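Undergrad: I have a structure I would like to understand better, so I am pasting it below and will then ask my questions one at a time.
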There are 2 protein chains.
Amino acid sequence: MQTAALRKLKNKELNRKTIEEFKTAPKTPIIVILDNIRSSNNVGSVFRTSDAFLIEKIYLCGITAIPPNKDIQRTALGATDTVEWEYAENTLAVIEKLKANGVQIASIEQAENSIMLQDFTPKQDAKIAIIMGNEVKGVQQDVVSASDSCIEIPQFGTKHSLNISVTCGIVLWDLFNKVIK
Amino acid sequence: MQTAALRKLKNKELNRKTIEEFKTAPKTPIIVILDNIRSSNNVGSVFRTSDAFLIEKIYLCGITAIPPNKDIQRTALGATDTVEWEYAENTLAVIEKLKANGVQIASIEQAENSIMLQDFTPKQDAKIAIIMGNEVKGVQQDVVSASDSCIEIPQFGTKHSLNISVTCGIVLWDLFNKVIK
């Protein structure tokens, strides 16, 4: 039963942050690590989604393209100017550095002993870093092995995996709601 | 603390369905309506995500491209062979038909009186159809007005919206978990 008029909001009514407001806003204690992502369009999409959920930082590792890049910009639509990012050649080195700082490390993978996303609860009072892997190879096994846990999105169809942009959106949405509670 | 070895699974260990198994499997009582989607890549991605969550049907409306289409295939990766779909020129006509069959209609939009996704609960014992709109214009206002409700993904950054593939992934993941409980 429809009880109230559903009027679409104009962009200016959305009260989004300016770049300056974004920079100084408290961030969601979630870090995204991109482990050798091939598609710059996927990288840009991860930036756009990370902007929406005030993600703290994105690490772009290995062959992952970095801004400025035309294909990243095509899907990031400016979100590379807001979300903090850093390039690192070696994904494992990033993990070790974050672990030393008490960050919980979770690879997004289909693995033995993985935890289904709906059952996963981030540690309280700890930042969490999620690792998204290459479009074909997934997260490298040694990166998976160095993680505290694997988070898996249960899938019931014929395809073996979801697109990386979609996976990142689902995981960030799910964890964002668990973390801000 | 890592308590068990995290070995990545091989594709054959994922025990995905064959196309034939997909066709006869009980479906999730969720329908996706694409209202004038411009990008065939987005259409394909929606197919791939819908395959993973056993979505009942996708309506491709207005200018939305239909299979077979090279760009749809590039992102659907075969999911157009599994998920049921139908083309309809007029989105409103689809909505009226579904409403007449007791389907709950929810536009995914930022609107006055929208319900935030985390607060939205689908009706029990009713199918739900979600409507995703054009990349620039969103869902048409008359389609929004004809909906039972608007579902909104809360966003806290600088950009006005999320990518459609990402939005569809987030909404399907969230509703899937609410519907199968």
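Chains: A, B, ... in order of the structure tokens. Residues: from 1 per chain. Ligands: from 1, in order shown.
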Extract, using only C-alpha atoms, all DNA, RNA and protein residues at most 12 Å from Thr24 (chain B), discarding same-chain residues fewer than 3 positions from it, and format them as a ChimeraX atom specification.

TA: /A:157 /B:17-21,27,54,56,82-84

Undergrad: Once you count only C-alpha atoms, which residues of chain B turn out to be within 6 Å of chain A? Could you give them as a list in words?

TA: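 Residues of chain B within 6 Å of chain A, counting only C-alpha atoms: Met1, Gln2, Leu6, Arg7, Lys8, Leu9, Arg16, Lys17, Thr18, Asp51, Ala52, Phe53, Leu54, Gln110, Ala111, Glu112, Asn113, Ser145, Asp148, Gln155, Phe156, Gly157, Thr158, Val166, Gly169 and Ile170 of chain B.
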
Undergrad: What would the file look like if the residues just selected were written as a PDB file, in the first residue's frame with C-alpha atoms?

TA:
```
ATOM      1  CA  MET B   1      43.812 -15.446  14.765  1.00  0.00           C
ATOM      2  CA  GLN B   2      43.952 -17.879  11.861  1.00  0.00           C
ATOM      3  CA  LEU B   6      42.658 -21.138   3.776  1.00  0.00           C
ATOM      4  CA  ARG B   7      43.053 -23.057   0.546  1.00  0.00           C
ATOM      5  CA  LYS B   8      41.467 -21.504  -2.525  1.00  0.00           C
ATOM      6  CA  LEU B   9      38.896 -23.764  -4.140  1.00  0.00           C
ATOM      7  CA  ARG B  16      27.939 -24.802  -9.463  1.00  0.00           C
ATOM      8  CA  LYS B  17      24.748 -25.759 -11.274  1.00  0.00           C
ATOM      9  CA  THR B  18      24.618 -26.768 -14.908  1.00  0.00           C
ATOM     10  CA  ASP B  51      22.418 -15.995 -11.933  1.00  0.00           C
ATOM     11  CA  ALA B  52      24.321 -16.137  -8.617  1.00  0.00           C
ATOM     12  CA  PHE B  53      21.209 -15.448  -6.552  1.00  0.00           C
ATOM     13  CA  LEU B  54      18.762 -17.549  -8.612  1.00  0.00           C
ATOM     14  CA  GLN B 110      16.622   8.447  -3.964  1.00  0.00           C
ATOM     15  CA  ALA B 111      13.219   9.932  -3.329  1.00  0.00           C
ATOM     16  CA  GLU B 112      11.038  11.629  -0.779  1.00  0.00           C
ATOM     17  CA  ASN B 113       9.593   8.955   1.498  1.00  0.00           C
ATOM     18  CA  SER B 145       5.020   7.002  -8.668  1.00  0.00           C
ATOM     19  CA  ASP B 148       4.622   0.553  -3.843  1.00  0.00           C
ATOM     20  CA  GLN B 155      25.412   7.185   0.557  1.00  0.00           C
ATOM     21  CA  PHE B 156      27.776   9.429   2.470  1.00  0.00           C
ATOM     22  CA  GLY B 157      30.391  10.645  -0.001  1.00  0.00           C
ATOM     23  CA  THR B 158      30.558  13.207  -2.776  1.00  0.00           C
ATOM     24  CA  VAL B 166      26.936  -2.282  -8.067  1.00  0.00           C
ATOM     25  CA  GLY B 169      24.407  -6.360  -6.493  1.00  0.00           C
ATOM     26  CA  ILE B 170      23.924  -4.611  -3.165  1.00  0.00           C
TER      27      ILE B 170
END
```

Undergrad: Assign secondary structure with DSSP using the backbone only, and return the residues of region 3-180 of chain A in strand (DSSP E or B) as a PDB file with C-alpha atoms, in the first residue's frame.

TA:
```
ATOM      1  CA  LYS A   8      12.534  11.706  -6.917  1.00  0.00           C
ATOM      2  CA  THR A  28      34.553   4.046   8.022  1.00  0.00           C
ATOM      3  CA  PRO A  29      37.293   1.815   9.514  1.00  0.00           C
ATOM      4  CA  ILE A  30      37.486  -0.320   6.381  1.00  0.00           C
ATOM      5  CA  ILE A  31      40.439  -0.527   3.976  1.00  0.00           C
ATOM      6  CA  VAL A  32      40.253  -2.017   0.480  1.00  0.00           C
ATOM      7  CA  ILE A  33      43.264  -3.798  -1.042  1.00  0.00           C
ATOM      8  CA  LEU A  34      43.198  -4.482  -4.798  1.00  0.00           C
ATOM      9  CA  ASP A  35      45.534  -7.386  -5.567  1.00  0.00           C
ATOM     10  CA  ILE A  55      36.088   4.034   3.044  1.00  0.00           C
ATOM     11  CA  GLU A  56      39.352   4.954   4.734  1.00  0.00           C
ATOM     12  CA  LYS A  57      41.864   3.981   2.076  1.00  0.00           C
ATOM     13  CA  ILE A  58      42.419   1.888  -1.060  1.00  0.00           C
ATOM     14  CA  TYR A  59      45.713   0.104  -1.717  1.00  0.00           C
ATOM     15  CA  LEU A  60      46.380  -0.493  -5.431  1.00  0.00           C
ATOM     16  CA  CYS A  61      48.817  -3.404  -5.671  1.00  0.00           C
ATOM     17  CA  TRP A  85      44.862   5.668  -2.072  1.00  0.00           C
ATOM     18  CA  GLU A  86      48.410   4.366  -2.250  1.00  0.00           C
ATOM     19  CA  TYR A  87      50.244   2.182  -4.752  1.00  0.00           C
ATOM     20  CA  ALA A  88      52.254  -0.789  -3.504  1.00  0.00           C
ATOM     21  CA  GLN A 104      42.153  -7.504  10.623  1.00  0.00           C
ATOM     22  CA  ILE A 105      42.861  -8.959   7.148  1.00  0.00           C
ATOM     23  CA  ALA A 106      40.133 -10.714   5.144  1.00  0.00           C
ATOM     24  CA  SER A 107      40.521 -12.030   1.604  1.00  0.00           C
ATOM     25  CA  ILE A 108      37.354 -12.141  -0.466  1.00  0.00           C
ATOM     26  CA  ALA A 111      38.230 -21.146  -0.072  1.00  0.00           C
ATOM     27  CA  ILE A 115      33.199 -17.718   6.261  1.00  0.00           C
ATOM     28  CA  MET A 116      30.020 -16.847   4.398  1.00  0.00           C
ATOM     29  CA  ILE A 128      39.373  -4.422   8.736  1.00  0.00           C
ATOM     30  CA  ALA A 129      41.080  -4.653   5.355  1.00  0.00           C
ATOM     31  CA  ILE A 130      39.391  -6.617   2.587  1.00  0.00           C
ATOM     32  CA  ILE A 131      41.370  -7.971  -0.351  1.00  0.00           C
ATOM     33  CA  MET A 132      39.872  -8.273  -3.832  1.00  0.00           C
ATOM     34  CA  ASN A 134      42.498 -10.564 -10.058  1.00  0.00           C
ATOM     35  CA  GLY A 138      41.418 -14.300  -7.808  1.00  0.00           C
ATOM     36  CA  SER A 149      40.139 -15.119   7.261  1.00  0.00           C
ATOM     37  CA  CYS A 150      38.412 -15.565   3.929  1.00  0.00           C
ATOM     38  CA  ILE A 151      34.990 -14.081   3.345  1.00  0.00           C
ATOM     39  CA  GLU A 152      32.877 -15.753   0.678  1.00  0.00           C
TER      40      GLU A 152
END
```

Undergrad: Which parts of region 103-173 of chain A does DSSP call helix (DSSP H, G or I) when run on the backbone here, written out as a PDB file with N, CA and C atoms, in the first residue's frame?

TA:
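The new file out-v3.pdb reads:
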```pdb
ATOM      1  N   LEU A 117      29.628 -14.505   3.940  1.00  0.00           N
ATOM      2  CA  LEU A 117      29.539 -13.077   4.266  1.00  0.00           C
ATOM      3  C   LEU A 117      28.466 -12.789   5.314  1.00  0.00           C
ATOM      4  N   GLN A 118      27.316 -13.426   5.175  1.00  0.00           N
ATOM      5  CA  GLN A 118      26.235 -13.129   6.118  1.00  0.00           C
ATOM      6  C   GLN A 118      26.554 -13.586   7.540  1.00  0.00           C
ATOM      7  N   ASP A 119      27.525 -14.503   7.670  1.00  0.00           N
ATOM      8  CA  ASP A 119      27.904 -15.019   8.993  1.00  0.00           C
ATOM      9  C   ASP A 119      29.144 -14.321   9.555  1.00  0.00           C
ATOM     10  N   GLN A 141      47.225 -17.138  -3.768  1.00  0.00           N
ATOM     11  CA  GLN A 141      47.143 -18.077  -2.649  1.00  0.00           C
ATOM     12  C   GLN A 141      48.007 -17.635  -1.465  1.00  0.00           C
ATOM     13  N   ASP A 142      49.202 -17.072  -1.725  1.00  0.00           N
ATOM     14  CA  ASP A 142      50.034 -16.685  -0.569  1.00  0.00           C
ATOM     15  C   ASP A 142      49.452 -15.470   0.159  1.00  0.00           C
ATOM     16  N   VAL A 143      48.691 -14.660  -0.563  1.00  0.00           N
ATOM     17  CA  VAL A 143      47.991 -13.539   0.080  1.00  0.00           C
ATOM     18  C   VAL A 143      46.810 -14.083   0.889  1.00  0.00           C
ATOM     19  N   VAL A 144      46.095 -15.040   0.311  1.00  0.00           N
ATOM     20  CA  VAL A 144      45.004 -15.692   1.040  1.00  0.00           C
ATOM     21  C   VAL A 144      45.548 -16.331   2.319  1.00  0.00           C
ATOM     22  N   SER A 145      46.670 -17.040   2.181  1.00  0.00           N
ATOM     23  CA  SER A 145      47.245 -17.753   3.332  1.00  0.00           C
ATOM     24  C   SER A 145      47.694 -16.795   4.434  1.00  0.00           C
ATOM     25  N   ILE A 164      34.063  -8.102 -10.019  1.00  0.00           N
ATOM     26  CA  ILE A 164      34.784  -7.508  -8.884  1.00  0.00           C
ATOM     27  C   ILE A 164      34.108  -6.248  -8.355  1.00  0.00           C
ATOM     28  N   SER A 165      33.622  -5.403  -9.249  1.00  0.00           N
ATOM     29  CA  SER A 165      32.927  -4.187  -8.804  1.00  0.00           C
ATOM     30  C   SER A 165      31.697  -4.551  -7.976  1.00  0.00           C
ATOM     31  N   VAL A 166      30.979  -5.559  -8.441  1.00  0.00           N
ATOM     32  CA  VAL A 166      29.764  -6.000  -7.748  1.00  0.00           C
ATOM     33  C   VAL A 166      30.127  -6.632  -6.406  1.00  0.00           C
ATOM     34  N   THR A 167      31.138  -7.495  -6.423  1.00  0.00           N
ATOM     35  CA  THR A 167      31.591  -8.135  -5.185  1.00  0.00           C
ATOM     36  C   THR A 167      31.986  -7.087  -4.151  1.00  0.00           C
ATOM     37  N   CYS A 168      32.751  -6.097  -4.595  1.00  0.00           N
ATOM     38  CA  CYS A 168      33.211  -5.057  -3.680  1.00  0.00           C
ATOM     39  C   CYS A 168      32.019  -4.289  -3.113  1.00  0.00           C
ATOM     40  N   GLY A 169      31.035  -4.000  -3.959  1.00  0.00           N
ATOM     41  CA  GLY A 169      29.839  -3.310  -3.493  1.00  0.00           C
ATOM     42  C   GLY A 169      29.091  -4.110  -2.433  1.00  0.00           C
ATOM     43  N   ILE A 170      28.902  -5.382  -2.695  1.00  0.00           N
ATOM     44  CA  ILE A 170      28.179  -6.245  -1.758  1.00  0.00           C
ATOM     45  C   ILE A 170      28.917  -6.331  -0.420  1.00  0.00           C
ATOM     46  N   VAL A 171      30.220  -6.562  -0.487  1.00  0.00           N
ATOM     47  CA  VAL A 171      30.998  -6.737   0.753  1.00  0.00           C
ATOM     48  C   VAL A 171      31.057  -5.422   1.539  1.00  0.00           C
ATOM     49  N   LEU A 172      31.284  -4.310   0.840  1.00  0.00           N
ATOM     50  CA  LEU A 172      31.357  -3.024   1.553  1.00  0.00           C
ATOM     51  C   LEU A 172      30.017  -2.670   2.181  1.00  0.00           C
ATOM     52  N   TRP A 173      28.928  -2.903   1.461  1.00  0.00           N
ATOM     53  CA  TRP A 173      27.600  -2.640   2.026  1.00  0.00           C
ATOM     54  C   TRP A 173      27.365  -3.481   3.277  1.00  0.00           C
TER      55      TRP A 173
END
```

Undergrad: Please measure the separation of CA of Lys123 (chain A) and CA of Asn101 (chain A), giving the value in Å to one decimal.

TA: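 Between CA of Lys123 (chain A) and CA of Asn101 (chain A) the gap is 14.2 Å.
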
Undergrad: Suppose you want the space between CA of Ile37 (chain B) and CA of Pro68 (chain B); what is it in Å?

TA: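 One can read the CA of Ile37 (chain B) to CA of Pro68 (chain B) distance as 15.8 Å.
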
Undergrad: Please report the interatomic distance between CA of Lys127 (chain A) and CA of Ile95 (chain A) in Å with one decimal.

TA: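 Computing the Euclidean distance for CA of Lys127 (chain A) and CA of Ile95 (chain A) yields 12.6 Å.
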
Undergrad: Within 8 Å of Asp71 (chain B), counting only C-alpha atoms, which residues show up once you throw out same-chain ones fewer than 4 positions away? Write them as a compact mmCIF listing (two decimals) with C-alpha atoms, in the first residue's frame, please.

TA:
```txt
# COMPACT_ATOMS: atom_id res chain seq x y z
CA SER B 40 24.83 -3.13 -22.28
CA ASN B 41 27.72 -3.88 -19.93
CA GLY B 44 25.19 -8.18 -18.66
CA THR B 75 29.82 -9.10 -18.76
```

Undergrad: Which polymer residues have any atom within 9 Å of an atom of Thr121 (chain B), counting only C-alpha atoms, with same-chain residues fewer than 5 positions away left out, as a VMD selection string?

TA: chain B and resid 175 178 to 179

Undergrad: Could those selected residues go to a file with N, CA and C atoms, as an mmCIF file, in the first residue's frame?

TA:
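Generated output (part_36.cif):
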```cif
data_model
loop_
_atom_site.group_PDB
_atom_site.id
_atom_site.type_symbol
_atom_site.label_atom_id
_atom_site.label_comp_id
_atom_site.auth_asym_id
_atom_site.auth_seq_id
_atom_site.Cartn_x
_atom_site.Cartn_y
_atom_site.Cartn_z
ATOM 1 N N LEU B 175 18.295 -8.128 -0.211
ATOM 2 C CA LEU B 175 16.935 -8.695 -0.252
ATOM 3 C C LEU B 175 16.978 -10.225 -0.244
ATOM 4 N N LYS B 178 17.102 -11.402 3.163
ATOM 5 C CA LYS B 178 15.849 -11.176 3.890
ATOM 6 C C LYS B 178 14.756 -12.127 3.412
ATOM 7 N N VAL B 179 14.774 -12.457 2.133
ATOM 8 C CA VAL B 179 13.709 -13.265 1.534
ATOM 9 C C VAL B 179 13.861 -14.748 1.865
#
```
